[in-house]
Structure formats: structure tokens, C-alpha cells
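Raw structure_28.pdb, PDB, N, CA and C atoms:
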ATOM      1  N   MET A   1     -43.696 -11.369  -5.650
ATOM      2  CA  MET A   1     -42.944 -10.249  -5.124
ATOM      3  C   MET A   1     -41.989 -10.695  -4.024
ATOM      4  N   GLU A   2     -42.418 -11.723  -3.252
ATOM      5  CA  GLU A   2     -41.546 -12.221  -2.198
ATOM      6  C   GLU A   2     -40.303 -12.866  -2.778
ATOM      7  N   LYS A   3     -40.446 -13.506  -3.932
ATOM      8  CA  LYS A   3     -39.299 -14.135  -4.582
ATOM      9  C   LYS A   3     -38.245 -13.087  -4.912
ATOM     10  N   ALA A   4     -38.660 -11.951  -5.395
ATOM     11  CA  ALA A   4     -37.724 -10.873  -5.745
ATOM     12  C   ALA A   4     -37.008 -10.368  -4.498
ATOM     13  N   SER A   5     -37.707 -10.219  -3.397
ATOM     14  CA  SER A   5     -37.049  -9.736  -2.172
ATOM     15  C   SER A   5     -36.078 -10.780  -1.631
ATOM     16  N   GLU A   6     -36.413 -12.077  -1.784
ATOM     17  CA  GLU A   6     -35.483 -13.126  -1.367
ATOM     18  C   GLU A   6     -34.236 -13.127  -2.250
ATOM     19  N   ASP A   7     -34.441 -12.921  -3.535
ATOM     20  CA  ASP A   7     -33.310 -12.857  -4.459
ATOM     21  C   ASP A   7     -32.400 -11.673  -4.123
ATOM     22  N   ILE A   8     -32.997 -10.556  -3.817
ATOM     23  CA  ILE A   8     -32.219  -9.369  -3.461
ATOM     24  C   ILE A   8     -31.454  -9.618  -2.168
ATOM     25  N   GLU A   9     -32.072 -10.282  -1.228
ATOM     26  CA  GLU A   9     -31.412 -10.589   0.042
ATOM     27  C   GLU A   9     -30.222 -11.531  -0.177
ATOM     28  N   ARG A  10     -30.414 -12.573  -1.001
ATOM     29  CA  ARG A  10     -29.318 -13.495  -1.310
ATOM     30  C   ARG A  10     -28.197 -12.781  -2.053
ATOM     31  N   LEU A  11     -28.571 -11.888  -2.955
ATOM     32  CA  LEU A  11     -27.577 -11.114  -3.677
ATOM     33  C   LEU A  11     -26.760 -10.242  -2.712
ATOM     34  N   GLY A  12     -27.419  -9.637  -1.759
ATOM     35  CA  GLY A  12     -26.729  -8.832  -0.749
ATOM     36  C   GLY A  12     -25.758  -9.670   0.069
ATOM     37  N   GLU A  13     -26.173 -10.897   0.417
ATOM     38  CA  GLU A  13     -25.296 -11.799   1.168
ATOM     39  C   GLU A  13     -24.071 -12.193   0.345
ATOM     40  N   LYS A  14     -24.299 -12.465  -0.946
ATOM     41  CA  LYS A  14     -23.175 -12.821  -1.817
ATOM     42  C   LYS A  14     -22.196 -11.659  -1.955
ATOM     43  N   ILE A  15     -22.732 -10.459  -2.103
ATOM     44  CA  ILE A  15     -21.871  -9.279  -2.224
ATOM     45  C   ILE A  15     -21.047  -9.097  -0.952
ATOM     46  N   ALA A  16     -21.672  -9.253   0.205
ATOM     47  CA  ALA A  16     -20.953  -9.126   1.474
ATOM     48  C   ALA A  16     -19.866 -10.195   1.588
ATOM     49  N   SER A  17     -20.179 -11.416   1.148
ATOM     50  CA  SER A  17     -19.206 -12.500   1.194
ATOM     51  C   SER A  17     -18.009 -12.190   0.289
ATOM     52  N   PHE A  18     -18.286 -11.703  -0.913
ATOM     53  CA  PHE A  18     -17.201 -11.358  -1.841
ATOM     54  C   PHE A  18     -16.358 -10.198  -1.315
ATOM     55  N   ARG A  19     -16.983  -9.253  -0.654
ATOM     56  CA  ARG A  19     -16.224  -8.129  -0.084
ATOM     57  C   ARG A  19     -15.286  -8.607   1.012
ATOM     58  N   GLN A  20     -15.749  -9.558   1.821
ATOM     59  CA  GLN A  20     -14.890 -10.103   2.876
ATOM     60  C   GLN A  20     -13.702 -10.853   2.269
ATOM     61  N   LYS A  21     -13.979 -11.639   1.226
ATOM     62  CA  LYS A  21     -12.901 -12.378   0.565
ATOM     63  C   LYS A  21     -11.900 -11.415  -0.062
ATOM     64  N   GLU A  22     -12.394 -10.356  -0.687
ATOM     65  CA  GLU A  22     -11.509  -9.365  -1.309
ATOM     66  C   GLU A  22     -10.636  -8.679  -0.264
ATOM     67  N   ALA A  23     -11.231  -8.341   0.874
ATOM     68  CA  ALA A  23     -10.465  -7.698   1.942
ATOM     69  C   ALA A  23      -9.363  -8.622   2.448
ATOM     70  N   ALA A  24      -9.667  -9.910   2.571
ATOM     71  CA  ALA A  24      -8.664 -10.873   3.033
ATOM     72  C   ALA A  24      -7.527 -10.997   2.022
ATOM     73  N   VAL A  25      -7.865 -11.030   0.738
ATOM     74  CA  VAL A  25      -6.837 -11.140  -0.299
ATOM     75  C   VAL A  25      -5.972  -9.882  -0.325
ATOM     76  N   ARG A  26      -6.580  -8.717  -0.210
ATOM     77  CA  ARG A  26      -5.815  -7.470  -0.199
ATOM     78  C   ARG A  26      -4.861  -7.424   1.005
ATOM     79  N   HIS A  27      -5.337  -7.866   2.159
ATOM     80  CA  HIS A  27      -4.502  -7.870   3.363
ATOM     81  C   HIS A  27      -3.319  -8.818   3.172
ATOM     82  N   GLU A  28      -3.568  -9.991   2.618
ATOM     83  CA  GLU A  28      -2.498 -10.967   2.391
ATOM     84  C   GLU A  28      -1.486 -10.433   1.383
ATOM     85  N   HIS A  29      -1.963  -9.776   0.340
ATOM     86  CA  HIS A  29      -1.058  -9.194  -0.666
ATOM     87  C   HIS A  29      -0.184  -8.109  -0.049
ATOM     88  N   LYS A  30      -0.766  -7.302   0.824
ATOM     89  CA  LYS A  30      -0.001  -6.241   1.489
ATOM     90  C   LYS A  30       1.104  -6.837   2.353
ATOM     91  N   LYS A  31       0.802  -7.929   3.076
ATOM     92  CA  LYS A  31       1.804  -8.591   3.907
ATOM     93  C   LYS A  31       2.931  -9.167   3.052
ATOM     94  N   LYS A  32       2.574  -9.788   1.921
ATOM     95  CA  LYS A  32       3.584 -10.368   1.046
ATOM     96  C   LYS A  32       4.495  -9.286   0.488
ATOM     97  N   THR A  33       3.915  -8.161   0.095
ATOM     98  CA  THR A  33       4.697  -7.060  -0.450
ATOM     99  C   THR A  33       5.658  -6.512   0.596
ATOM    100  N   LEU A  34       5.187  -6.354   1.825
ATOM    101  CA  LEU A  34       6.039  -5.865   2.904
ATOM    102  C   LEU A  34       7.165  -6.848   3.204
ATOM    103  N   ASN A  35       6.852  -8.137   3.236
ATOM    104  CA  ASN A  35       7.887  -9.147   3.475
ATOM    105  C   ASN A  35       8.927  -9.140   2.370
ATOM    106  N   ARG A  36       8.465  -9.019   1.134
ATOM    107  CA  ARG A  36       9.389  -9.007  -0.001
ATOM    108  C   ARG A  36      10.309  -7.781   0.070
ATOM    109  N   ALA A  37       9.746  -6.640   0.392
ATOM    110  CA  ALA A  37      10.543  -5.417   0.492
ATOM    111  C   ALA A  37      11.548  -5.523   1.635
ATOM    112  N   SER A  38      11.158  -6.097   2.743
ATOM    113  CA  SER A  38      12.071  -6.268   3.879
ATOM    114  C   SER A  38      13.229  -7.186   3.511
ATOM    115  N   ARG A  39      12.916  -8.287   2.846
ATOM    116  CA  ARG A  39      13.971  -9.211   2.429
ATOM    117  C   ARG A  39      14.925  -8.547   1.444
ATOM    118  N   LEU A  40      14.366  -7.778   0.524
ATOM    119  CA  LEU A  40      15.194  -7.104  -0.477
ATOM    120  C   LEU A  40      16.111  -6.080   0.187
ATOM    121  N   GLY A  41      15.597  -5.310   1.122
ATOM    122  CA  GLY A  41      16.417  -4.327   1.825
ATOM    123  C   GLY A  41      17.541  -4.977   2.606
ATOM    124  N   LEU A  42      17.241  -6.073   3.266
ATOM    125  CA  LEU A  42      18.266  -6.792   4.021
ATOM    126  C   LEU A  42      19.322  -7.367   3.091
ATOM    127  N   ARG A  43      18.884  -7.889   1.961
ATOM    128  CA  ARG A  43      19.848  -8.453   1.008
ATOM    129  C   ARG A  43      20.764  -7.371   0.445
ATOM    130  N   ILE A  44      20.215  -6.194   0.165
ATOM    131  CA  ILE A  44      21.038  -5.096  -0.338
ATOM    132  C   ILE A  44      22.095  -4.709   0.695
ATOM    133  N   ALA A  45      21.686  -4.606   1.944
ATOM    134  CA  ALA A  45      22.635  -4.253   3.003
ATOM    135  C   ALA A  45      23.734  -5.308   3.138
ATOM    136  N   VAL A  46      23.366  -6.571   3.075
ATOM    137  CA  VAL A  46      24.345  -7.651   3.191
ATOM    138  C   VAL A  46      25.300  -7.640   1.998
ATOM    139  N   GLU A  47      24.766  -7.418   0.800
ATOM    140  CA  GLU A  47      25.618  -7.367  -0.399
ATOM    141  C   GLU A  47      26.669  -6.270  -0.268
ATOM    142  N   LEU A  48      26.245  -5.088   0.132
ATOM    143  CA  LEU A  48      27.185  -3.972   0.259
ATOM    144  C   LEU A  48      28.212  -4.213   1.358
ATOM    145  N   MET A  49      27.759  -4.623   2.517
ATOM    146  CA  MET A  49      28.668  -4.810   3.652
ATOM    147  C   MET A  49      29.655  -5.949   3.403
ATOM    148  N   SER A  50      29.186  -7.046   2.826
ATOM    149  CA  SER A  50      30.094  -8.169   2.591
ATOM    150  C   SER A  50      31.151  -7.810   1.546
ATOM    151  N   ALA A  51      30.764  -7.075   0.500
ATOM    152  CA  ALA A  51      31.745  -6.671  -0.512
ATOM    153  C   ALA A  51      32.786  -5.738   0.099
ATOM    154  N   LEU A  52      32.344  -4.804   0.940
ATOM    155  CA  LEU A  52      33.295  -3.905   1.603
ATOM    156  C   LEU A  52      34.227  -4.666   2.543
ATOM    157  N   PHE A  53      33.669  -5.611   3.283
ATOM    158  CA  PHE A  53      34.471  -6.392   4.222
ATOM    159  C   PHE A  53      35.512  -7.232   3.491
ATOM    160  N   VAL A  54      35.108  -7.873   2.403
ATOM    161  CA  VAL A  54      36.056  -8.695   1.636
ATOM    162  C   VAL A  54      37.157  -7.817   1.051
ATOM    163  N   GLY A  55      36.789  -6.666   0.503
ATOM    164  CA  GLY A  55      37.798  -5.750  -0.020
ATOM    165  C   GLY A  55      38.752  -5.277   1.058
ATOM    166  N   LEU A  56      38.210  -4.958   2.216
ATOM    167  CA  LEU A  56      39.040  -4.524   3.344
ATOM    168  C   LEU A  56      39.985  -5.634   3.791
ATOM    169  N   ALA A  57      39.488  -6.863   3.862
ATOM    170  CA  ALA A  57      40.324  -7.991   4.291
ATOM    171  C   ALA A  57      41.436  -8.268   3.286
ATOM    172  N   ILE A  58      41.108  -8.265   2.017
ATOM    173  CA  ILE A  58      42.136  -8.497   0.995
ATOM    174  C   ILE A  58      43.181  -7.381   1.045
ATOM    175  N   GLY A  59      42.715  -6.152   1.190
ATOM    176  CA  GLY A  59      43.646  -5.030   1.283
ATOM    177  C   GLY A  59      44.549  -5.123   2.486
ATOM    178  N   TYR A  60      44.005  -5.536   3.619
ATOM    179  CA  TYR A  60      44.814  -5.665   4.833
ATOM    180  C   TYR A  60      45.890  -6.731   4.653
ATOM    181  N   VAL A  61      45.485  -7.870   4.108
ATOM    182  CA  VAL A  61      46.447  -8.957   3.887
ATOM    183  C   VAL A  61      47.530  -8.509   2.905
ATOM    184  N   ALA A  62      47.140  -7.817   1.846
ATOM    185  CA  ALA A  62      48.121  -7.321   0.874
ATOM    186  C   ALA A  62      49.044  -6.293   1.522
ATOM    187  N   ASP A  63      48.509  -5.434   2.376
ATOM    188  CA  ASP A  63      49.338  -4.439   3.074
ATOM    189  C   ASP A  63      50.365  -5.103   3.987
ATOM    190  N   VAL A  64      49.939  -6.115   4.708
ATOM    191  CA  VAL A  64      50.852  -6.807   5.615
ATOM    192  C   VAL A  64      51.918  -7.550   4.812
ATOM    193  N   ALA A  65      51.518  -8.204   3.730
ATOM    194  CA  ALA A  65      52.458  -8.995   2.937
ATOM    195  C   ALA A  65      53.439  -8.109   2.176
ATOM    196  N   LEU A  66      52.957  -6.990   1.657
ATOM    197  CA  LEU A  66      53.795  -6.136   0.812
ATOM    198  C   LEU A  66      54.346  -4.914   1.548
ATOM    199  N   ASP A  67      53.950  -4.729   2.794
ATOM    200  CA  ASP A  67      54.374  -3.584   3.608
ATOM    201  C   ASP A  67      54.087  -2.257   2.888
ATOM    202  N   THR A  68      52.827  -2.093   2.494
ATOM    203  CA  THR A  68      52.419  -0.885   1.756
ATOM    204  C   THR A  68      51.329  -0.116   2.493
ATOM    205  N   LYS A  69      51.270  -0.249   3.794
ATOM    206  CA  LYS A  69      50.178   0.374   4.559
ATOM    207  C   LYS A  69      50.041   1.837   4.205
ATOM    208  N   PRO A  70      48.911   2.368   4.041
ATOM    209  CA  PRO A  70      47.544   1.853   3.932
ATOM    210  C   PRO A  70      47.047   1.766   2.492
ATOM    211  N   TRP A  71      47.962   1.778   1.522
ATOM    212  CA  TRP A  71      47.551   1.919   0.117
ATOM    213  C   TRP A  71      46.752   0.740  -0.408
ATOM    214  N   ALA A  72      47.190  -0.464  -0.191
ATOM    215  CA  ALA A  72      46.468  -1.629  -0.715
ATOM    216  C   ALA A  72      45.074  -1.724  -0.083
ATOM    217  N   MET A  73      45.000  -1.414   1.214
ATOM    218  CA  MET A  73      43.701  -1.459   1.888
ATOM    219  C   MET A  73      42.750  -0.425   1.286
ATOM    220  N   ALA A  74      43.245   0.758   1.017
ATOM    221  CA  ALA A  74      42.402   1.801   0.422
ATOM    222  C   ALA A  74      41.946   1.399  -0.974
ATOM    223  N   VAL A  75      42.836   0.847  -1.764
ATOM    224  CA  VAL A  75      42.486   0.442  -3.131
ATOM    225  C   VAL A  75      41.452  -0.683  -3.104
ATOM    226  N   PHE A  76      41.712  -1.705  -2.290
ATOM    227  CA  PHE A  76      40.783  -2.832  -2.253
ATOM    228  C   PHE A  76      39.466  -2.481  -1.575
ATOM    229  N   LEU A  77      39.477  -1.543  -0.666
ATOM    230  CA  LEU A  77      38.228  -1.066  -0.076
ATOM    231  C   LEU A  77      37.375  -0.391  -1.153
ATOM    232  N   PHE A  78      38.012   0.414  -1.983
ATOM    233  CA  PHE A  78      37.311   1.053  -3.095
ATOM    234  C   PHE A  78      36.785   0.004  -4.081
ATOM    235  N   LEU A  79      37.622  -0.977  -4.419
ATOM    236  CA  LEU A  79      37.185  -2.035  -5.337
ATOM    237  C   LEU A  79      36.047  -2.868  -4.739
ATOM    238  N   GLY A  80      36.122  -3.128  -3.442
ATOM    239  CA  GLY A  80      35.036  -3.856  -2.780
ATOM    240  C   GLY A  80      33.740  -3.068  -2.808
ATOM    241  N   GLY A  81      33.835  -1.757  -2.590
ATOM    242  CA  GLY A  81      32.642  -0.915  -2.674
ATOM    243  C   GLY A  81      32.051  -0.912  -4.069
ATOM    244  N   ALA A  82      32.921  -0.848  -5.080
ATOM    245  CA  ALA A  82      32.443  -0.888  -6.462
ATOM    246  C   ALA A  82      31.779  -2.233  -6.770
ATOM    247  N   ALA A  83      32.359  -3.309  -6.272
ATOM    248  CA  ALA A  83      31.764  -4.626  -6.476
ATOM    249  C   ALA A  83      30.406  -4.728  -5.783
ATOM    250  N   GLY A  84      30.295  -4.151  -4.592
ATOM    251  CA  GLY A  84      29.019  -4.161  -3.875
ATOM    252  C   GLY A  84      27.951  -3.384  -4.618
ATOM    253  N   VAL A  85      28.314  -2.221  -5.149
ATOM    254  CA  VAL A  85      27.349  -1.425  -5.915
ATOM    255  C   VAL A  85      26.934  -2.180  -7.171
ATOM    256  N   LEU A  86      27.883  -2.844  -7.829
ATOM    257  CA  LEU A  86      27.556  -3.633  -9.015
ATOM    258  C   LEU A  86      26.605  -4.778  -8.672
ATOM    259  N   ASN A  87      26.840  -5.440  -7.551
ATOM    260  CA  ASN A  87      25.941  -6.515  -7.114
ATOM    261  C   ASN A  87      24.538  -5.989  -6.835
ATOM    262  N   VAL A  88      24.443  -4.837  -6.200
ATOM    263  CA  VAL A  88      23.135  -4.247  -5.913
ATOM    264  C   VAL A  88      22.438  -3.860  -7.212
ATOM    265  N   TYR A  89      23.187  -3.339  -8.174
ATOM    266  CA  TYR A  89      22.612  -2.987  -9.477
ATOM    267  C   TYR A  89      22.046  -4.230 -10.161
ATOM    268  N   ARG A  90      22.806  -5.318 -10.156
ATOM    269  CA  ARG A  90      22.321  -6.574 -10.753
ATOM    270  C   ARG A  90      21.077  -7.086 -10.029
ATOM    271  N   LEU A  91      21.084  -6.976  -8.720
ATOM    272  CA  LEU A  91      19.927  -7.394  -7.941
ATOM    273  C   LEU A  91      18.701  -6.561  -8.294
ATOM    274  N   ALA A  92      18.883  -5.263  -8.418
ATOM    275  CA  ALA A  92      17.763  -4.382  -8.772
ATOM    276  C   ALA A  92      17.225  -4.723 -10.150
ATOM    277  N   LYS A  93      18.109  -5.013 -11.095
ATOM    278  CA  LYS A  93      17.670  -5.380 -12.442
ATOM    279  C   LYS A  93      16.892  -6.694 -12.428
ATOM    280  N   SER A  94      17.354  -7.668 -11.652
ATOM    281  CA  SER A  94      16.641  -8.947 -11.594
ATOM    282  C   SER A  94      15.281  -8.790 -10.912
ATOM    283  N   GLU A  95      15.212  -7.955  -9.880
ATOM    284  CA  GLU A  95      13.931  -7.702  -9.223
ATOM    285  C   GLU A  95      12.974  -6.985 -10.170
ATOM    286  N   GLU A  96      13.498  -6.038 -10.940
ATOM    287  CA  GLU A  96      12.669  -5.321 -11.897
ATOM    288  C   GLU A  96      12.108  -6.280 -12.943
ATOM    289  N   ALA A  97      12.952  -7.188 -13.434
ATOM    290  CA  ALA A  97      12.492  -8.176 -14.416
ATOM    291  C   ALA A  97      11.453  -9.105 -13.795
ATOM    292  N   GLN A  98      11.637  -9.460 -12.543
ATOM    293  CA  GLN A  98      10.683 -10.345 -11.869
ATOM    294  C   GLN A  98       9.344  -9.639 -11.670
ATOM    295  N   ILE A  99       9.378  -8.366 -11.313
ATOM    296  CA  ILE A  99       8.137  -7.608 -11.133
ATOM    297  C   ILE A  99       7.409  -7.469 -12.466
ATOM    298  N   GLU A 100       8.162  -7.211 -13.534
ATOM    299  CA  GLU A 100       7.545  -7.108 -14.855
ATOM    300  C   GLU A 100       6.920  -8.437 -15.263
ATOM    301  N   GLY A 101       7.578  -9.543 -14.887
ATOM    302  CA  GLY A 101       7.042 -10.877 -15.193
ATOM    303  C   GLY A 101       5.792 -11.191 -14.400
ATOM    304  N   ASP A 102       5.662 -10.623 -13.199
ATOM    305  CA  ASP A 102       4.484 -10.860 -12.356
ATOM    306  C   ASP A 102       3.246 -10.174 -12.882
ATOM    307  N   LYS A 103       3.437  -9.118 -13.656
ATOM    308  CA  LYS A 103       2.274  -8.342 -14.143
ATOM    309  C   LYS A 103       1.516  -9.043 -15.211
TER     310      LYS A 103
END
Rewrite the coordinates I just gave you, this time as C-alpha cells.
Amino acid sequence: MEKASEDIERLGEKIASFRQKEAAVRHEHKKKTLNRASRLGLRIAVELMSALFVGLAIGYVADVALDTKPWAMAVFLFLGGAAGVLNVYRLAKSEEAQIEGDK
């Protein structure tokens, strides 16, 4: 009978050990997910802002060269915004494919 109680005690210790390991893995996974989401959000912001800035710069240079203020800047600002949205769409599709691959 003592053997059975020792076995039960060892089993309880193993279960407690596995629960601690599981908690550590869950915590690490949560941190990785948060880091990944933060990086993705920052990348989206950079993609949009850089596309708008490049469009604005090209438009400004075209306006100065062609003396068409503010038309070229407005057109290229719109095109830069469209390019930024397209880049974000491509990024979202690649992230979606990567998440599907992780499963």
C-alpha cells in the first residue's frame, strides 16, 4: 500500500512539474506574439509614411521643375498613398500566408 502512495506522490510531482513547464511555454508564446504584432504595426506605419513622403517629394520636385503648383504634388501624394496601401496589402497577405504555414 505504501508503494501506491509513493507512486501517487511522484505522479503529483510530475504533474506539478509539467504544469510549470506549460505555464512557462504559454508565457513565452504570449511575449513572442506581442513582439510580432508590435513589429508588424510599426512596419505598416513605416510603409504608409514612407510611400506618402516619397510621393510628396516627387510631386514637389515636379511642381518646382514644371511650375504647376500644387497639381503635381497632389497627384503624386495620391499615388504615394495608393502605393503605401498596396504595400500594406501585400504585407498582410504575406503575414497571412506565414500564419497559415505556422499552423
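Atom N of Arg90 in chain A to CA of Ala37 in chain A spans 16.2 Å [interatomic distance, one decimal].
As for CA of Glu96 in chain A and CA of Leu42 in chain A, they are spaced 16.9 Å apart.
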Here's the selection I'm unsure about, the PyMOL selection byres (((chain A and resi 72-89 and name CA) around 10) and name CA); applied to the file above, which residues does it give, as a CSV table (one decimal) with N, CA and C atoms, in the frame of the given file?
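Result written to selection_0.csv:
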chain,number,residue,atom,x,y,z
A,43,ARG,N,18.9,-7.9,2.0
A,43,ARG,CA,19.8,-8.5,1.0
A,43,ARG,C,20.8,-7.4,0.4
A,44,ILE,N,20.2,-6.2,0.2
A,44,ILE,CA,21.0,-5.1,-0.3
A,44,ILE,C,22.1,-4.7,0.7
A,45,ALA,N,21.7,-4.6,1.9
A,45,ALA,CA,22.6,-4.3,3.0
A,45,ALA,C,23.7,-5.3,3.1
A,46,VAL,N,23.4,-6.6,3.1
A,46,VAL,CA,24.3,-7.7,3.2
A,46,VAL,C,25.3,-7.6,2.0
A,47,GLU,N,24.8,-7.4,0.8
A,47,GLU,CA,25.6,-7.4,-0.4
A,47,GLU,C,26.7,-6.3,-0.3
A,48,LEU,N,26.2,-5.1,0.1
A,48,LEU,CA,27.2,-4.0,0.3
A,48,LEU,C,28.2,-4.2,1.4
A,49,MET,N,27.8,-4.6,2.5
A,49,MET,CA,28.7,-4.8,3.7
A,49,MET,C,29.7,-5.9,3.4
A,50,SER,N,29.2,-7.0,2.8
A,50,SER,CA,30.1,-8.2,2.6
A,50,SER,C,31.2,-7.8,1.5
A,51,ALA,N,30.8,-7.1,0.5
A,51,ALA,CA,31.7,-6.7,-0.5
A,51,ALA,C,32.8,-5.7,0.1
A,52,LEU,N,32.3,-4.8,0.9
A,52,LEU,CA,33.3,-3.9,1.6
A,52,LEU,C,34.2,-4.7,2.5
A,53,PHE,N,33.7,-5.6,3.3
A,53,PHE,CA,34.5,-6.4,4.2
A,53,PHE,C,35.5,-7.2,3.5
A,54,VAL,N,35.1,-7.9,2.4
A,54,VAL,CA,36.1,-8.7,1.6
A,54,VAL,C,37.2,-7.8,1.1
A,55,GLY,N,36.8,-6.7,0.5
A,55,GLY,CA,37.8,-5.8,0.0
A,55,GLY,C,38.8,-5.3,1.1
A,56,LEU,N,38.2,-5.0,2.2
A,56,LEU,CA,39.0,-4.5,3.3
A,56,LEU,C,40.0,-5.6,3.8
A,57,ALA,N,39.5,-6.9,3.9
A,57,ALA,CA,40.3,-8.0,4.3
A,57,ALA,C,41.4,-8.3,3.3
A,58,ILE,N,41.1,-8.3,2.0
A,58,ILE,CA,42.1,-8.5,1.0
A,58,ILE,C,43.2,-7.4,1.0
A,59,GLY,N,42.7,-6.2,1.2
A,59,GLY,CA,43.6,-5.0,1.3
A,59,GLY,C,44.5,-5.1,2.5
A,60,TYR,N,44.0,-5.5,3.6
A,60,TYR,CA,44.8,-5.7,4.8
A,60,TYR,C,45.9,-6.7,4.7
A,61,VAL,N,45.5,-7.9,4.1
A,61,VAL,CA,46.4,-9.0,3.9
A,61,VAL,C,47.5,-8.5,2.9
A,62,ALA,N,47.1,-7.8,1.8
A,62,ALA,CA,48.1,-7.3,0.9
A,62,ALA,C,49.0,-6.3,1.5
A,63,ASP,N,48.5,-5.4,2.4
A,63,ASP,CA,49.3,-4.4,3.1
A,63,ASP,C,50.4,-5.1,4.0
A,64,VAL,N,49.9,-6.1,4.7
A,64,VAL,CA,50.9,-6.8,5.6
A,64,VAL,C,51.9,-7.6,4.8
A,66,LEU,N,53.0,-7.0,1.7
A,66,LEU,CA,53.8,-6.1,0.8
A,66,LEU,C,54.3,-4.9,1.5
A,67,ASP,N,54.0,-4.7,2.8
A,67,ASP,CA,54.4,-3.6,3.6
A,67,ASP,C,54.1,-2.3,2.9
A,68,THR,N,52.8,-2.1,2.5
A,68,THR,CA,52.4,-0.9,1.8
A,68,THR,C,51.3,-0.1,2.5
A,69,LYS,N,51.3,-0.2,3.8
A,69,LYS,CA,50.2,0.4,4.6
A,69,LYS,C,50.0,1.8,4.2
A,70,PRO,N,48.9,2.4,4.0
A,70,PRO,CA,47.5,1.9,3.9
A,70,PRO,C,47.0,1.8,2.5
A,71,TRP,N,48.0,1.8,1.5
A,71,TRP,CA,47.6,1.9,0.1
A,71,TRP,C,46.8,0.7,-0.4
A,90,ARG,N,22.8,-5.3,-10.2
A,90,ARG,CA,22.3,-6.6,-10.8
A,90,ARG,C,21.1,-7.1,-10.0
A,91,LEU,N,21.1,-7.0,-8.7
A,91,LEU,CA,19.9,-7.4,-7.9
A,91,LEU,C,18.7,-6.6,-8.3
A,92,ALA,N,18.9,-5.3,-8.4
A,92,ALA,CA,17.8,-4.4,-8.8
A,92,ALA,C,17.2,-4.7,-10.2
A,93,LYS,N,18.1,-5.0,-11.1
A,93,LYS,CA,17.7,-5.4,-12.4
A,93,LYS,C,16.9,-6.7,-12.4
A,94,SER,N,17.4,-7.7,-11.7
A,94,SER,CA,16.6,-8.9,-11.6
A,94,SER,C,15.3,-8.8,-10.9
A,95,GLU,N,15.2,-8.0,-9.9
A,95,GLU,CA,13.9,-7.7,-9.2
A,95,GLU,C,13.0,-7.0,-10.2
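Across the model, the gap from atom N of Gln98 in chain A to CA of Asn35 in chain A is 16.5 Å.
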